[in-house]
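A.B. asks: You'll find query_27.csv just under this line, and it carries CSV, C-alpha atoms and all ligand atoms.
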```csv
chain,number,residue,atom,x,y,z
A,1,MET,CA,12.2,-14.0,-32.7
A,2,THR,CA,11.9,-12.1,-29.4
A,3,THR,CA,10.6,-13.9,-26.4
A,4,ALA,CA,9.3,-12.7,-23.1
A,5,ARG,CA,8.2,-14.1,-19.7
A,6,ALA,CA,4.8,-14.7,-18.3
A,7,VAL,CA,3.6,-16.4,-15.1
A,8,VAL,CA,1.4,-19.4,-15.6
A,9,LEU,CA,-0.8,-21.0,-13.0
A,10,ASP,CA,-1.3,-24.7,-13.9
A,11,LYS,CA,-4.3,-25.5,-11.8
A,12,PRO,CA,-6.3,-24.4,-8.8
A,13,LEU,CA,-4.0,-24.4,-5.7
A,14,GLY,CA,-1.2,-25.1,-8.2
A,15,THR,CA,2.2,-23.4,-8.8
A,16,PHE,CA,3.0,-20.1,-10.4
A,17,ARG,CA,5.6,-21.0,-13.1
A,18,LEU,CA,7.6,-18.5,-15.0
A,19,GLU,CA,7.6,-19.4,-18.7
A,20,GLU,CA,9.1,-18.0,-21.9
A,21,PHE,CA,6.9,-17.3,-24.9
A,22,PRO,CA,7.4,-15.7,-28.4
A,23,VAL,CA,6.2,-12.1,-28.4
A,24,PRO,CA,3.5,-11.7,-31.0
A,25,ASP,CA,3.6,-9.1,-33.9
A,26,PRO,CA,0.4,-7.1,-33.5
A,27,ALA,CA,-2.2,-7.9,-36.0
A,28,PRO,CA,-4.5,-5.2,-37.4
A,29,GLY,CA,-6.7,-3.7,-34.7
A,30,THR,CA,-4.6,-5.1,-31.8
A,31,VAL,CA,-2.2,-3.5,-29.3
A,32,LEU,CA,0.9,-4.9,-27.8
A,33,VAL,CA,1.6,-3.4,-24.3
A,34,ARG,CA,4.9,-3.5,-22.4
A,35,MET,CA,3.7,-4.1,-18.8
A,36,GLU,CA,4.5,-1.6,-16.0
A,37,LEU,CA,2.3,-2.7,-13.1
A,38,SER,CA,-0.4,-5.3,-12.6
A,39,GLY,CA,-2.3,-5.1,-9.3
A,40,CYS,CA,-3.0,-8.2,-7.2
A,41,CYS,CA,-6.5,-8.4,-5.7
A,42,ALA,CA,-8.9,-10.8,-4.0
A,43,THR,CA,-10.1,-11.9,-7.4
A,44,ASP,CA,-6.7,-13.4,-8.1
A,45,VAL,CA,-6.9,-15.2,-4.7
A,46,HIS,CA,-10.3,-16.6,-5.6
A,47,THR,CA,-9.0,-17.8,-8.9
A,48,TYR,CA,-6.0,-19.4,-7.3
A,49,LEU,CA,-8.3,-21.2,-4.8
A,50,GLY,CA,-10.5,-22.4,-7.6
A,51,GLN,CA,-13.6,-20.4,-6.4
A,52,TRP,CA,-13.9,-18.5,-9.7
A,53,GLN,CA,-14.8,-20.0,-13.0
A,54,THR,CA,-11.5,-20.0,-15.0
A,55,ALA,CA,-9.9,-22.1,-17.6
A,56,PHE,CA,-6.5,-23.6,-16.6
A,57,PRO,CA,-3.7,-23.2,-17.2
A,58,ALA,CA,-4.4,-19.5,-16.4
A,59,LEU,CA,-2.6,-16.2,-16.7
A,60,LEU,CA,-3.7,-13.9,-13.9
A,61,GLY,CA,-3.5,-10.1,-13.6
A,62,HIS,CA,-6.5,-7.9,-14.5
A,63,GLU,CA,-5.5,-4.5,-13.0
A,64,ASN,CA,-3.1,-3.6,-15.8
A,65,VAL,CA,-1.1,-0.6,-16.7
A,66,GLY,CA,1.7,-0.5,-19.3
A,67,GLN,CA,3.1,1.4,-22.2
A,68,VAL,CA,2.0,0.9,-25.8
A,69,GLU,CA,4.8,-1.0,-27.5
A,70,SER,CA,3.2,-1.1,-30.9
A,71,THR,CA,-0.2,-1.2,-32.6
A,72,GLY,CA,-1.2,-3.4,-35.5
A,73,PRO,CA,-1.2,-1.9,-39.0
A,74,GLY,CA,-3.9,0.8,-39.2
A,75,GLY,CA,-3.4,1.9,-35.6
A,76,GLN,CA,-5.9,1.8,-32.8
A,77,GLN,CA,-7.6,4.3,-30.5
A,78,ASP,CA,-8.5,4.4,-26.8
A,79,TYR,CA,-12.1,4.4,-25.4
A,80,LEU,CA,-12.3,8.2,-25.9
A,81,GLY,CA,-11.1,8.0,-29.5
A,82,ARG,CA,-7.5,9.1,-28.9
A,83,GLU,CA,-4.9,7.6,-31.2
A,84,LEU,CA,-2.5,5.3,-29.4
A,85,LYS,CA,1.2,6.0,-30.0
A,86,ALA,CA,4.2,4.0,-28.8
A,87,GLY,CA,5.1,5.0,-25.3
A,88,ASP,CA,1.5,6.0,-24.3
A,89,ARG,CA,0.6,4.8,-20.8
A,90,LEU,CA,-2.5,2.7,-21.1
A,91,PHE,CA,-4.9,1.2,-18.6
A,92,ALA,CA,-6.5,-1.9,-20.2
A,93,ARG,CA,-9.3,-4.0,-19.0
A,94,TRP,CA,-11.2,-6.6,-20.9
A,95,GLY,CA,-14.9,-7.3,-20.2
A,96,TRP,CA,-17.9,-6.6,-22.3
A,97,CYS,CA,-18.8,-6.0,-26.0
A,98,GLY,CA,-21.2,-3.0,-25.6
A,99,GLN,CA,-23.2,-4.4,-28.5
A,100,CYS,CA,-25.4,-7.2,-27.2
A,101,TYR,CA,-28.8,-7.0,-25.5
A,102,GLU,CA,-27.4,-7.3,-22.0
A,103,CYS,CA,-24.8,-4.5,-22.7
A,104,ARG,CA,-27.3,-2.2,-24.2
A,105,THR,CA,-30.3,-2.7,-21.9
A,106,LEU,CA,-29.3,-4.4,-18.6
A,107,GLN,CA,-25.8,-4.0,-17.4
A,108,PRO,CA,-22.5,-4.6,-19.3
A,109,ARG,CA,-21.3,-7.0,-16.6
A,110,ARG,CA,-23.9,-9.4,-17.9
A,111,CYS,CA,-22.5,-9.3,-21.4
A,112,ARG,CA,-23.2,-12.5,-23.3
A,113,ASN,CA,-19.9,-12.1,-25.2
A,114,ARG,CA,-17.9,-11.6,-22.1
A,115,SER,CA,-14.8,-13.8,-21.4
A,116,SER,CA,-12.3,-13.7,-18.6
A,117,SER,CA,-9.5,-13.0,-20.9
A,118,GLY,CA,-11.3,-10.7,-23.3
A,119,GLY,CA,-10.8,-13.3,-26.0
A,120,THR,CA,-7.1,-12.8,-25.8
A,121,PRO,CA,-5.4,-16.2,-26.0
A,122,MET,CA,-2.4,-17.4,-24.1
A,123,PRO,CA,0.3,-16.5,-23.5
A,124,PHE,CA,0.0,-12.8,-23.1
A,125,SER,CA,-3.5,-12.6,-21.8
A,126,GLY,CA,-2.8,-11.6,-18.2
A,127,GLY,CA,-0.8,-8.8,-16.6
A,128,PHE,CA,1.6,-11.0,-14.7
A,129,ALA,CA,3.8,-11.0,-17.8
A,130,GLU,CA,6.3,-8.7,-19.5
A,131,TYR,CA,3.8,-8.0,-22.3
A,132,LEU,CA,0.1,-7.9,-22.6
A,133,TYR,CA,-1.4,-8.6,-26.1
A,134,LEU,CA,-4.8,-6.9,-26.5
A,135,ASN,CA,-6.1,-8.7,-29.6
A,136,SER,CA,-9.8,-8.3,-29.0
A,137,PRO,CA,-10.5,-4.5,-29.1
A,138,GLN,CA,-14.2,-5.1,-29.2
A,139,THR,CA,-14.3,-6.5,-25.7
A,140,THR,CA,-11.3,-4.5,-24.4
A,141,PHE,CA,-11.4,-1.2,-22.6
A,142,MET,CA,-8.3,0.9,-23.2
A,143,LEU,CA,-7.8,4.3,-21.6
A,144,LYS,CA,-4.7,6.5,-22.0
A,145,MET,CA,-3.6,7.8,-18.6
A,146,ASP,CA,-1.6,10.9,-17.8
A,147,THR,CA,-0.5,9.9,-14.3
A,148,PRO,CA,2.4,7.7,-13.0
A,149,ALA,CA,2.0,3.9,-13.4
A,150,SER,CA,1.7,3.4,-9.6
A,151,THR,CA,-1.4,5.6,-9.6
A,152,ALA,CA,-2.8,4.5,-13.0
A,153,VAL,CA,-2.7,0.9,-11.7
A,154,LEU,CA,-5.6,1.8,-9.3
A,155,SER,CA,-8.0,2.4,-12.2
A,156,GLU,CA,-9.8,-0.9,-11.8
A,157,PRO,CA,-10.3,-0.9,-8.0
A,158,LEU,CA,-11.1,2.9,-8.1
A,159,GLY,CA,-13.7,2.1,-10.8
A,160,VAL,CA,-15.3,-0.4,-8.5
A,161,ALA,CA,-15.6,2.3,-5.8
A,162,VAL,CA,-16.9,4.8,-8.4
A,163,THR,CA,-19.7,2.4,-9.2
A,164,ALA,CA,-20.6,1.9,-5.6
A,165,VAL,CA,-20.4,5.5,-4.6
A,166,ARG,CA,-22.3,6.7,-7.7
A,167,ARG,CA,-25.2,4.4,-6.8
A,168,ALA,CA,-25.2,4.9,-3.0
A,169,GLN,CA,-24.9,8.7,-3.3
A,170,PRO,CA,-23.3,9.9,-0.1
A,171,ARG,CA,-24.9,13.3,0.7
A,172,LEU,CA,-23.9,16.5,2.4
A,173,GLY,CA,-24.1,16.2,6.2
A,174,GLU,CA,-24.2,12.5,6.2
A,175,THR,CA,-22.2,10.1,8.3
A,176,VAL,CA,-20.9,7.1,6.4
A,177,VAL,CA,-19.4,3.9,7.7
A,178,VAL,CA,-16.8,2.0,5.7
A,179,GLN,CA,-16.5,-1.6,6.9
A,180,GLY,CA,-13.2,-3.0,5.8
A,181,CYS,CA,-10.0,-1.1,4.9
A,182,GLY,CA,-8.4,-3.0,2.1
A,183,ALA,CA,-7.9,-1.2,-1.2
A,184,ILE,CA,-11.6,-1.1,-2.1
A,185,GLY,CA,-12.6,0.1,1.4
A,186,LEU,CA,-10.0,2.9,1.3
A,187,LEU,CA,-10.9,4.1,-2.2
A,188,THR,CA,-14.6,4.0,-1.4
A,189,LEU,CA,-13.9,6.0,1.8
A,190,GLY,CA,-12.0,8.6,-0.2
A,191,LEU,CA,-14.7,9.0,-2.8
A,192,ALA,CA,-17.5,9.1,-0.2
A,193,LYS,CA,-15.8,12.0,1.4
A,194,LEU,CA,-15.2,13.7,-2.0
A,195,SER,CA,-18.9,13.3,-2.8
A,196,GLY,CA,-20.0,15.2,0.2
A,197,ALA,CA,-20.2,12.9,3.3
A,198,THR,CA,-19.4,15.0,6.3
A,199,ARG,CA,-18.2,12.3,8.7
A,200,ALA,CA,-16.6,8.9,8.0
A,201,ILE,CA,-16.1,6.0,10.4
A,202,VAL,CA,-13.8,3.2,9.3
A,203,ILE,CA,-13.8,-0.2,10.9
A,204,GLY,CA,-11.0,-2.5,10.0
A,205,GLY,CA,-7.4,-3.3,10.4
A,206,PRO,CA,-4.5,-3.9,10.7
A,207,ALA,CA,-3.3,-0.6,12.3
A,208,ALA,CA,-1.0,0.3,9.3
A,209,ARG,CA,-4.1,0.3,7.0
A,210,LEU,CA,-6.0,2.5,9.5
A,211,GLU,CA,-3.2,5.0,9.2
A,212,VAL,CA,-3.8,5.2,5.5
A,213,ALA,CA,-7.6,5.4,6.1
A,214,ARG,CA,-7.0,8.6,8.1
A,215,ALA,CA,-5.1,10.1,5.1
A,216,PHE,CA,-8.1,9.1,2.9
A,217,GLY,CA,-10.5,11.1,5.1
A,218,ALA,CA,-11.5,8.8,8.0
A,219,ASP,CA,-12.6,10.9,11.0
A,220,VAL,CA,-12.8,7.8,13.3
A,221,CYS,CA,-11.0,4.5,13.0
A,222,ILE,CA,-12.1,1.4,14.9
A,223,ASP,CA,-9.4,-1.3,15.0
A,224,ILE,CA,-11.0,-4.8,14.7
A,225,ASP,CA,-7.8,-6.3,16.3
A,226,ARG,CA,-8.7,-4.4,19.4
A,227,VAL,CA,-12.5,-4.6,19.4
A,228,ARG,CA,-12.9,-8.3,18.5
A,229,ASP,CA,-16.5,-9.0,19.7
A,230,PRO,CA,-19.1,-8.2,16.9
A,231,SER,CA,-21.7,-6.7,19.3
A,232,GLU,CA,-19.1,-4.6,21.0
A,233,ARG,CA,-18.0,-3.4,17.6
A,234,THR,CA,-21.5,-2.4,16.7
A,235,ARG,CA,-21.8,-0.5,19.9
A,236,ALA,CA,-18.5,1.3,19.2
A,237,VAL,CA,-19.6,2.3,15.7
A,238,LEU,CA,-23.1,3.4,16.8
A,239,ALA,CA,-21.5,5.6,19.6
A,240,GLU,CA,-19.8,7.6,16.8
A,241,THR,CA,-23.0,8.2,14.8
A,242,PRO,CA,-25.5,11.1,15.3
A,243,ALA,CA,-27.5,10.5,18.4
A,244,GLY,CA,-26.1,7.0,18.5
A,245,LEU,CA,-28.7,5.8,16.0
A,246,GLY,CA,-26.5,4.6,13.2
A,247,ALA,CA,-25.1,5.9,9.9
A,248,GLU,CA,-27.1,7.2,7.0
A,249,LEU,CA,-24.9,5.1,4.7
A,250,VAL,CA,-22.7,2.0,5.2
A,251,PHE,CA,-20.4,0.5,2.6
A,252,GLY,CA,-19.6,-3.2,3.1
A,253,CYS,CA,-16.1,-3.8,1.8
A,254,VAL,CA,-15.1,-6.9,3.8
A,255,GLY,CA,-16.1,-9.8,1.5
A,256,LEU,CA,-17.4,-12.2,4.2
A,257,ALA,CA,-21.1,-13.0,4.6
A,258,PRO,CA,-21.2,-12.6,8.4
A,259,ALA,CA,-19.6,-9.1,8.1
A,260,TRP,CA,-22.5,-8.2,5.8
A,261,LEU,CA,-25.0,-8.8,8.6
A,262,GLU,CA,-22.9,-6.9,11.1
A,263,GLY,CA,-22.7,-4.0,8.6
A,264,ILE,CA,-26.5,-3.7,8.4
A,265,SER,CA,-26.5,-3.2,12.2
A,266,TYR,CA,-24.6,0.0,11.7
A,267,VAL,CA,-27.3,1.6,9.5
A,268,ARG,CA,-29.8,3.9,11.1
A,269,ASP,CA,-33.5,3.5,10.4
A,270,GLY,CA,-34.2,4.8,6.9
A,271,GLY,CA,-30.6,4.5,5.9
A,272,ARG,CA,-28.8,2.7,3.0
A,273,PHE,CA,-26.4,-0.2,2.8
A,274,MET,CA,-24.2,-0.9,-0.2
A,275,GLU,CA,-22.3,-4.2,-0.4
A,276,LEU,CA,-19.3,-4.2,-2.7
A,277,GLY,CA,-16.9,-6.6,-1.1
A,278,LEU,CA,-18.7,-9.9,-1.7
A,279,ALA,CA,-17.3,-10.7,-5.1
A,280,SER,CA,-17.4,-14.4,-4.3
A,281,ASP,CA,-19.9,-16.6,-2.5
A,282,THR,CA,-18.9,-16.9,1.2
A,283,GLY,CA,-22.0,-18.7,2.3
A,284,ASP,CA,-25.4,-17.9,3.7
A,285,VAL,CA,-26.5,-15.8,6.7
A,286,VAL,CA,-29.8,-15.8,8.7
A,287,PHE,CA,-31.6,-12.6,7.9
A,288,ASN,CA,-35.0,-11.5,9.1
A,289,PRO,CA,-36.5,-9.3,6.3
A,290,SER,CA,-39.4,-8.2,8.6
A,291,THR,CA,-37.4,-6.9,11.5
A,292,GLN,CA,-34.0,-6.2,9.9
A,293,LEU,CA,-35.3,-4.6,6.6
A,294,VAL,CA,-38.9,-3.6,6.5
A,295,ALA,CA,-39.4,-2.5,10.1
A,296,ARG,CA,-36.3,-0.3,9.8
A,297,ASN,CA,-37.1,1.1,6.3
A,298,ILE,CA,-33.6,0.3,5.0
A,299,SER,CA,-32.4,0.2,1.4
A,300,LEU,CA,-30.1,-2.6,0.5
A,301,MET,CA,-27.8,-2.4,-2.5
A,302,GLY,CA,-25.1,-4.6,-3.9
A,303,THR,CA,-22.6,-4.4,-6.7
A,304,LEU,CA,-20.2,-7.0,-8.1
A,305,GLY,CA,-17.8,-4.3,-9.2
A,306,LEU,CA,-17.1,-1.9,-12.1
A,307,GLU,CA,-20.5,-1.7,-13.8
A,308,SER,CA,-19.7,0.4,-16.9
A,309,TYR,CA,-16.9,1.8,-18.8
A,310,GLN,CA,-18.2,5.3,-18.0
A,311,ASP,CA,-17.3,4.6,-14.4
A,312,ALA,CA,-13.7,3.6,-15.5
A,313,VAL,CA,-13.5,6.9,-17.3
A,314,VAL,CA,-14.6,8.8,-14.2
A,315,ALA,CA,-12.0,6.8,-12.2
A,316,GLY,CA,-9.3,7.9,-14.7
A,317,ARG,CA,-10.2,11.5,-14.3
A,318,ILE,CA,-10.1,11.3,-10.5
A,319,LEU,CA,-6.7,9.6,-10.6
A,320,GLU,CA,-5.3,12.2,-13.0
A,321,ALA,CA,-6.6,15.1,-10.8
A,322,SER,CA,-4.8,13.5,-7.8
A,323,ARG,CA,-7.8,14.2,-5.6
A,324,LEU,CA,-6.7,11.6,-3.0
A,325,PRO,CA,-3.3,10.5,-1.6
A,326,PHE,CA,-3.2,7.6,-4.2
A,327,GLU,CA,0.6,7.4,-3.8
A,328,LEU,CA,0.0,5.7,-0.4
A,329,MET,CA,-1.9,2.7,-2.0
A,330,VAL,CA,0.8,0.6,-3.7
A,331,SER,CA,2.6,-0.9,-0.7
A,332,HIS,CA,4.7,-3.4,-2.7
A,333,GLN,CA,6.1,-3.8,-6.2
A,334,LEU,CA,7.2,-7.4,-6.7
A,335,PRO,CA,8.9,-9.1,-9.6
A,336,LEU,CA,7.3,-11.9,-11.7
A,337,GLU,CA,9.1,-14.5,-9.6
A,338,ARG,CA,7.1,-13.4,-6.6
A,339,VAL,CA,3.5,-13.7,-7.8
A,340,GLY,CA,3.1,-16.7,-5.5
A,341,ASP,CA,4.3,-14.7,-2.5
A,342,ALA,CA,1.8,-11.9,-3.3
A,343,ILE,CA,-1.2,-14.3,-3.7
A,344,HIS,CA,-0.3,-16.2,-0.5
A,345,ALA,CA,0.0,-12.9,1.5
A,346,LEU,CA,-3.4,-11.8,0.3
A,347,ASN,CA,-4.8,-15.2,1.3
A,348,SER,CA,-3.2,-15.0,4.8
A,349,ASP,CA,-1.9,-12.2,7.0
A,350,TYR,CA,-1.1,-9.5,4.4
A,351,GLN,CA,2.5,-9.4,5.4
A,352,VAL,CA,5.2,-9.2,2.7
A,353,ASP,CA,8.8,-8.6,3.7
A,354,GLY,CA,7.8,-7.5,7.2
A,355,LYS,CA,5.4,-4.9,5.9
A,356,THR,CA,1.6,-4.8,5.8
A,357,ALA,CA,0.4,-5.1,2.2
A,358,LEU,CA,-2.2,-2.7,0.9
A,359,LYS,CA,-2.1,-3.0,-2.9
A,360,ILE,CA,0.6,-5.3,-4.1
A,361,ALA,CA,1.5,-4.7,-7.7
A,362,ILE,CA,3.6,-7.0,-9.9
A,363,ALA,CA,6.2,-5.0,-11.8
A,364,PRO,CA,7.1,-7.4,-14.6
A,365,ASN,CA,9.8,-5.2,-16.2
A,366,GLY,CA,11.2,-3.9,-12.9
A,367,PRO,CA,10.1,-1.3,-10.4
A,368,VAL,CA,8.5,1.9,-11.8
A,369,ALA,CA,7.4,5.3,-10.5
B,401,ZN,ZN,-9.2,-6.5,-9.0
B,402,ZN,ZN,-22.2,-7.5,-24.6
```
Output the file's structure in the form of C-alpha cells.
C.D. replies:
Amino acid sequence: MTTARAVVLDKPLGTFRLEEFPVPDPAPGTVLVRMELSGCCATDVHTYLGQWQTAFPALLGHENVGQVESTGPGGQQDYLGRELKAGDRLFARWGWCGQCYECRTLQPRRCRNRSSSGGTPMPFSGGFAEYLYLNSPQTTFMLKMDTPASTAVLSEPLGVAVTAVRRAQPRLGETVVVQGCGAIGLLTLGLAKLSGATRAIVIGGPAARLEVARAFGADVCIDIDRVRDPSERTRAVLAETPAGLGAELVFGCVGLAPAWLEGISYVRDGGRFMELGLASDTGDVVFNPSTQLVARNISLMGTLGLESYQDAVVAGRILEASRLPFELMVSHQLPLERVGDAIHALNSDYQVDGKTALKIAIAPNGPVA
C-alpha cells in the first residue's frame, strides 16, 4: 500500500506534525488529487489560534491546486461539466451543496449541509498534504485550470475579490481606496481598476507590498509605517481624492475592527464602503449611525468571502486570461515541514527567510512553476 504525508494540527495553538497515511483508492464519484500548491491565509491563522470553529485534530489548507491523479470508477466532471483526466490541473474548494433552501434562495455560504472539510474525512482533507481526496463531489467545487499552479492557487482569494467587486461596482471615473495590501487587498485593487475605476489609492504596508500594489494599478500608495497616526492617515488619503472630499468607493481589506471605522472616514458623502477583510470577529467599535451613516448618505456593505461558485468561475477566467501580474503574488513556496513557519509569519511580521511574505504557498510535492 502506498502512503503519503499530511500535516496535522493537534489542537488550537498546538504543533503541526508531519504524519504518514495510506493513500485511498478513489471510490466511485471521488477524485484523488496530487497536490501542487496550497495557499496559506488569515483563515488558517484564525484556525490555529482557535478563533474559528474547527474539529481537531485538523488538516488545514483550503486554497488548493493540484493535478488529478485518478478518479473513481465511472469518472467525474468539473463544475463546468468537463471530464476530468489524469494530469488535469484542478482547483478544488469545498463548501456548499447547491440543493438546500439556503443555497437556492439565500446565499450558498449559509448552506445547511456545509462542512469545513466538505465531508472529506481525515487524513487527506486539507491541502497541506501530498494528496487531497475529494470524496464528497456534491459539496465540492472543482474547476479545471489552464494556467500555471502558482497562478491557479490564487483562485480562492481572487474569488473573494470578485464577489466584493461585483457587489460594490467600481465605475468609470471613480476614485477607489483600498485599505490594506495583503493578498486580498491587492487582488481587489487589480479588479477594481479592471472594472473601470479611474484612480486607486492604496493604504497599507510594508513597502515591499506597496511595490506590488503599484504593479496591480495603484496610482497612490500611502505607507502606514510612515503615516502612523490614524487622523493623519485620513488627511493623507482625503488629500488624494477629488476636491479632498473622499473616495466614491472604499474597500476595507485589513481585518481589524478599528480599521473599519477609519476606512469609513475615507468615503465621500454619498459613497460606498465594502468590508471584506473582517472574516473573524475582532471586537466592537463605537459607531454613530446618525452622523457617520445617515447624515452622510453612505452605503455600507460587507462580505465574508466567495459567495457563489459563479464568482469562482469568473476568477478562473481572469486568471487564465492573465489580466493582472499574478506571478508577483506567490512570494514563497515552502515544504510541508514548514507549515508552522508560514502560519507564524502570517501571525506576526510577515517575514520568511528575510523576505516579506505576500502569498505563502505550501508545495507538498516540491516547488512548481
Ligand atoms: Zn483563504
Ligand atoms: Zn446547501
A.B. asks: Would you kindly return, as a VMD selection string, each protein, DNA or RNA residue with an atom no farther than 7 Å from any atom of stretch 261-264 of chain A, considering all atoms listed in the file and excluding same-chain residues fewer than 5 positions away?
C.D. replies: chain A and resid 179 250 252 273
A.B. asks: Excluding same-chain residues fewer than 6 positions from A:Leu238, what lies within 12 Å of it counting only C-alpha atoms, as a PyMOL selection string?
C.D. replies: chain A and resi 175-177+201-203+220+222+231-232+244-248+250+262-268
A.B. asks: Using all atoms listed in the file, can you tell me which of A:Leu306, A:Pro206, A:Arg114, A:Ala164 comes closest to A:Tyr350?
C.D. replies: A:Pro206
A.B. asks: As a quick test: using all atoms listed in the file, which residues lie no more than 10 Å away from ligand ZN 402 (chain B)? Give them as a VMD selection string.
C.D. replies: chain A and resid 95 to 114 138 to 139
A.B. asks: If the limit is 6 Å from any atom of ligand ZN 401 (chain B), counting only C-alpha atoms and all ligand atoms, which residues qualify? Return them as an NGL selection string.
C.D. replies: :A and (41 or 43 or 63 or 157)
A.B. asks: Record the distance separating atom CA of A:Val237 and atom CA of A:Val162, expressed in Å with one decimal.
C.D. replies: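 Going from atom CA of A:Val237 over to atom CA of A:Val162, I get 24.4 Å.
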A.B. asks: Which residues of stretch 200-236 of chain A have any atom within 10 Å of an atom in stretch 317-326 of chain A when counting only C-alpha atoms, and what is the closest pair of atoms for each, with the distance in Å to one decimal? Order the rows by chain and rising number and write it as CSV.
C.D. replies:
```
residue,atom,partner,partner_atom,distance
A:Val212,CA,A:Pro325,CA,8.9
A:Ala215,CA,A:Pro325,CA,6.9
A:Phe216,CA,A:Leu324,CA,6.6
A:Gly217,CA,A:Leu324,CA,9.0
```
A.B. asks: Which residues are near A:Arg93? Cut-off 8 Å, all atoms listed in the file, ignore same chain within fewer than 5 positions. Put them as a ChimeraX atom specification.
C.D. replies: /A:62-64,140-142,156
A.B. asks: Could the residues in this selection be written to a file with C-alpha atoms, as a short mmCIF file (atom, residue, chain, number, x, y, z; two decimals), in the frame of the given file?
C.D. replies:
```
data_model
loop_
_atom_site.label_atom_id
_atom_site.label_comp_id
_atom_site.auth_asym_id
_atom_site.auth_seq_id
_atom_site.Cartn_x
_atom_site.Cartn_y
_atom_site.Cartn_z
CA HIS A 62 -6.50 -7.90 -14.50
CA GLU A 63 -5.50 -4.50 -13.00
CA ASN A 64 -3.10 -3.60 -15.80
CA THR A 140 -11.30 -4.50 -24.40
CA PHE A 141 -11.40 -1.20 -22.60
CA MET A 142 -8.30 0.90 -23.20
CA GLU A 156 -9.80 -0.90 -11.80
#
```
A.B. asks: What's around A:Leu90 at 7 Å? Count all atoms listed in the file, leave out sequence neighbours fewer than 6 positions away in its own chain, and write the answer as a PDB file with C-alpha atoms, in the frame of the given file.
C.D. replies:
```
ATOM      1  CA  VAL A  65      -1.100  -0.600 -16.700  1.00  0.00           C
ATOM      2  CA  GLY A  66       1.700  -0.500 -19.300  1.00  0.00           C
ATOM      3  CA  GLN A  67       3.100   1.400 -22.200  1.00  0.00           C
ATOM      4  CA  VAL A  68       2.000   0.900 -25.800  1.00  0.00           C
ATOM      5  CA  MET A 142      -8.300   0.900 -23.200  1.00  0.00           C
ATOM      6  CA  LEU A 143      -7.800   4.300 -21.600  1.00  0.00           C
ATOM      7  CA  LYS A 144      -4.700   6.500 -22.000  1.00  0.00           C
ATOM      8  CA  MET A 145      -3.600   7.800 -18.600  1.00  0.00           C
TER       9      MET A 145
END
```
A.B. asks: Please report the interatomic distance between atom CA of A:Asp25 and atom CA of A:Arg338 in Å with one decimal.
C.D. replies: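 These atoms are spaced 27.9 Å apart.
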A.B. asks: Quote the spacing between atom CA of A:Gly255 and atom CA of A:Ala129 in Å to one decimal place.
C.D. replies: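 So the two atoms, atom CA of A:Gly255 and atom CA of A:Ala129, lie 27.7 Å apart.
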A.B. asks: Can you work out which one of A:Phe251, A:Phe287, A:Tyr131, A:Trp260 has the shortest atom-to-atom distance to A:Val23, counting all atoms listed in the file?
C.D. replies: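 Among the listed residues, A:Tyr131 lies closest to A:Val23.
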A.B. asks: Can you tell me, as a list of chain:residue names, what residues are no more than 12 Å from A:Asn365 when counting only C-alpha atoms, ignoring any on the same chain fewer than 2 positions away?
C.D. replies: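 That gives A:Ala4, A:Arg5, A:Ala6, A:Val33, A:Arg34, A:Met35, A:Glu36, A:Leu37, A:Ser38, A:Val65, A:Gly66, A:Gln67, A:Gly127, A:Phe128, A:Ala129, A:Glu130, A:Tyr131, A:Leu132, A:Gln333, A:Leu334, A:Pro335, A:Leu336, A:Glu337, A:Ala361, A:Ile362, A:Ala363, A:Pro367, A:Val368.
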A.B. asks: Could you take the residues named above and write them with C-alpha atoms, as a tab-separated table (two decimals), in the frame of the given file?
C.D. replies:
```tsv
chain	number	residue	atom	x	y	z
A	4	ALA	CA	9.30	-12.70	-23.10
A	5	ARG	CA	8.20	-14.10	-19.70
A	6	ALA	CA	4.80	-14.70	-18.30
A	33	VAL	CA	1.60	-3.40	-24.30
A	34	ARG	CA	4.90	-3.50	-22.40
A	35	MET	CA	3.70	-4.10	-18.80
A	36	GLU	CA	4.50	-1.60	-16.00
A	37	LEU	CA	2.30	-2.70	-13.10
A	38	SER	CA	-0.40	-5.30	-12.60
A	65	VAL	CA	-1.10	-0.60	-16.70
A	66	GLY	CA	1.70	-0.50	-19.30
A	67	GLN	CA	3.10	1.40	-22.20
A	127	GLY	CA	-0.80	-8.80	-16.60
A	128	PHE	CA	1.60	-11.00	-14.70
A	129	ALA	CA	3.80	-11.00	-17.80
A	130	GLU	CA	6.30	-8.70	-19.50
A	131	TYR	CA	3.80	-8.00	-22.30
A	132	LEU	CA	0.10	-7.90	-22.60
A	333	GLN	CA	6.10	-3.80	-6.20
A	334	LEU	CA	7.20	-7.40	-6.70
A	335	PRO	CA	8.90	-9.10	-9.60
A	336	LEU	CA	7.30	-11.90	-11.70
A	337	GLU	CA	9.10	-14.50	-9.60
A	361	ALA	CA	1.50	-4.70	-7.70
A	362	ILE	CA	3.60	-7.00	-9.90
A	363	ALA	CA	6.20	-5.00	-11.80
A	367	PRO	CA	10.10	-1.30	-10.40
A	368	VAL	CA	8.50	1.90	-11.80
```
